[in-house]
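> The structure under discussion is supplied below as structure tokens; questions concerning it will follow.
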Amino acid sequence: MDYAPPVSLDAEDPPKVNSSIRAVHEAVLQSESGFVRFETTDALWLEGYVVSSDHAGNFYKELYLQDAPENPSRALRLLLDAQALYTTYPLGKKVYVKLNDLGAGRQNGVISLGTYQADGVARLPETQITHHLIRDTLSQQLIPLALAREDFHSNHYGKYIELSTVQFSK
């Protein structure tokens, strides 16, 4: 049998990034309703680094992205109606998110991105994921943001962190 070569999911020619995780945060915070829809005729792209893994079941149908592999300033949650995301979007993978027709809002203290709903955002259907999410060929080694327990704040939600001076009892 003849087989076609596998198609890479990685972008060999990445899209032009013209937005940011910070811009999504600011749009949500400036919105009267707390939710925004990205409606534009021009392609609107942001980039981020995957900092979550659903391999052990800790995350369900979501990816957390931060704006840099080291010393991130912002992060957000991307709601996706798919499982085993770690196989396609491993830790440190650089991804591009097309914001057109997506919505963003604060859910449980976390800025979340997904399909726009009148009362919030919902998971992006699996059939739409490859339209809105492109992997880069680049994967980065993530450097955790070192924090003391008392320095942890809601500004750190969604970021890849390391808590120092913390002990867990059995």
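Residue numbering restarts at 1 for every chain of the structure tokens, chains are lettered A, B, ... in their displayed order, and ligands are numbered from 1 as they appear.
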Name the residues in contact with A:Ser112 at a cut-off of 8 Å, using only C-alpha atoms, excluding same-chain residues fewer than 2 positions from it; report them as an MDAnalysis selection string.
chainID A and resid 76:79 104:107 110 114 121
> Give me, as a list in words, all polymer residues having an atom no more than 9 Å from A:Gln66, counting only C-alpha atoms and skipping those fewer than 4 positions away in the same chain.
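Here the qualifying residues turn out to be Ile21, Glu47, Gly48, Tyr49, Val50, Val51, Pro72, Ser73, Arg74, Ala75, Leu76, Arg77, Gly158, Lys159 and Tyr160 of chain A.
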> Taking the DSSP assignment computed from this structure's backbone, write out as a count of residues only all residues of chain A that belong to helix (DSSP H, G or I).
26
> Atom CA of A:Arg123 and atom CA of A:Asp54, how far apart in Å?
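Interatomic distance here is 15.4 Å.
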> Which residue out of A:Leu145, A:Leu138, A:Ile111, A:Leu44 has the minimum interatomic distance to A:Lys16 when only C-alpha atoms are used?
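Of all the options, A:Leu44 lies closest to A:Lys16.
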> Can you tell me which residues surround stretch 88-95 of chain A at a distance of at most 8 Å, considering only C-alpha atoms, apart from same-chain residues fewer than 3 positions away, and format the answer as a PyMOL selection string?
chain A and resi 47-53+69+84-85+133-142
> Taking C-alpha atoms for each residue, export the selection above as a PDB file, in the first residue's frame.

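Saved file part11.pdb follows:
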ATOM      1  CA  GLU A  47       0.679  33.993  20.702  1.00  0.00           C
ATOM      2  CA  GLY A  48       1.197  32.119  23.925  1.00  0.00           C
ATOM      3  CA  TYR A  49       2.951  29.174  25.536  1.00  0.00           C
ATOM      4  CA  VAL A  50       1.091  26.138  26.852  1.00  0.00           C
ATOM      5  CA  VAL A  51       1.524  25.813  30.618  1.00  0.00           C
ATOM      6  CA  SER A  52      -1.071  23.137  31.422  1.00  0.00           C
ATOM      7  CA  SER A  53      -1.395  19.433  30.766  1.00  0.00           C
ATOM      8  CA  PRO A  69       8.158  31.009  28.656  1.00  0.00           C
ATOM      9  CA  ALA A  84      -6.054  14.508  25.609  1.00  0.00           C
ATOM     10  CA  LEU A  85      -4.867  17.967  24.603  1.00  0.00           C
ATOM     11  CA  LEU A 133      -5.368  27.358  17.145  1.00  0.00           C
ATOM     12  CA  ILE A 134      -2.096  26.805  15.293  1.00  0.00           C
ATOM     13  CA  ARG A 135       1.029  25.218  16.749  1.00  0.00           C
ATOM     14  CA  ASP A 136       4.440  26.670  16.130  1.00  0.00           C
ATOM     15  CA  THR A 137       7.397  24.403  15.459  1.00  0.00           C
ATOM     16  CA  LEU A 138       8.936  25.951  18.579  1.00  0.00           C
ATOM     17  CA  SER A 139       8.647  24.419  22.030  1.00  0.00           C
ATOM     18  CA  GLN A 140      10.292  26.211  24.930  1.00  0.00           C
ATOM     19  CA  GLN A 141      11.592  25.035  28.265  1.00  0.00           C
ATOM     20  CA  LEU A 142       9.267  26.702  30.759  1.00  0.00           C
TER      21      LEU A 142
END
> What residues in stretch 81-147 of chain A get the DSSP label strand (DSSP E or B)? Please answer as a VMD selection string.
chain A and resid 93 to 98 102 to 107 110 to 117 120 to 122 124 133 to 139 145 to 147
> Out of A:Glu62, A:Phe152, A:His55, A:Ser31, which residue has the shortest atom-to-atom distance to A:Thr87 when counting only C-alpha atoms?
A:His55
> For A:Leu124, work out the shell of residues within 12 Å, counting only C-alpha atoms and skipping chain neighbours fewer than 5 positions away, then give it as a PyMOL selection string.
chain A and resi 61-63+77-82+97-99+101-104+112-117+129-133
> Please measure the separation of atom CA of A:Asp42 and atom CA of A:Ser19, giving the value in Å to one decimal.
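The value is 11.6 Å.
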> In terms of the shortest atom-to-atom distance over only C-alpha atoms, which of A:Ala68, A:Asn108, A:Pro125, A:Lys170 is closest to A:Tyr157?
A:Asn108
> Record the distance separating atom CA of A:Phe59 and atom CA of A:Glu126, expressed in Å with one decimal.
16.4 Å
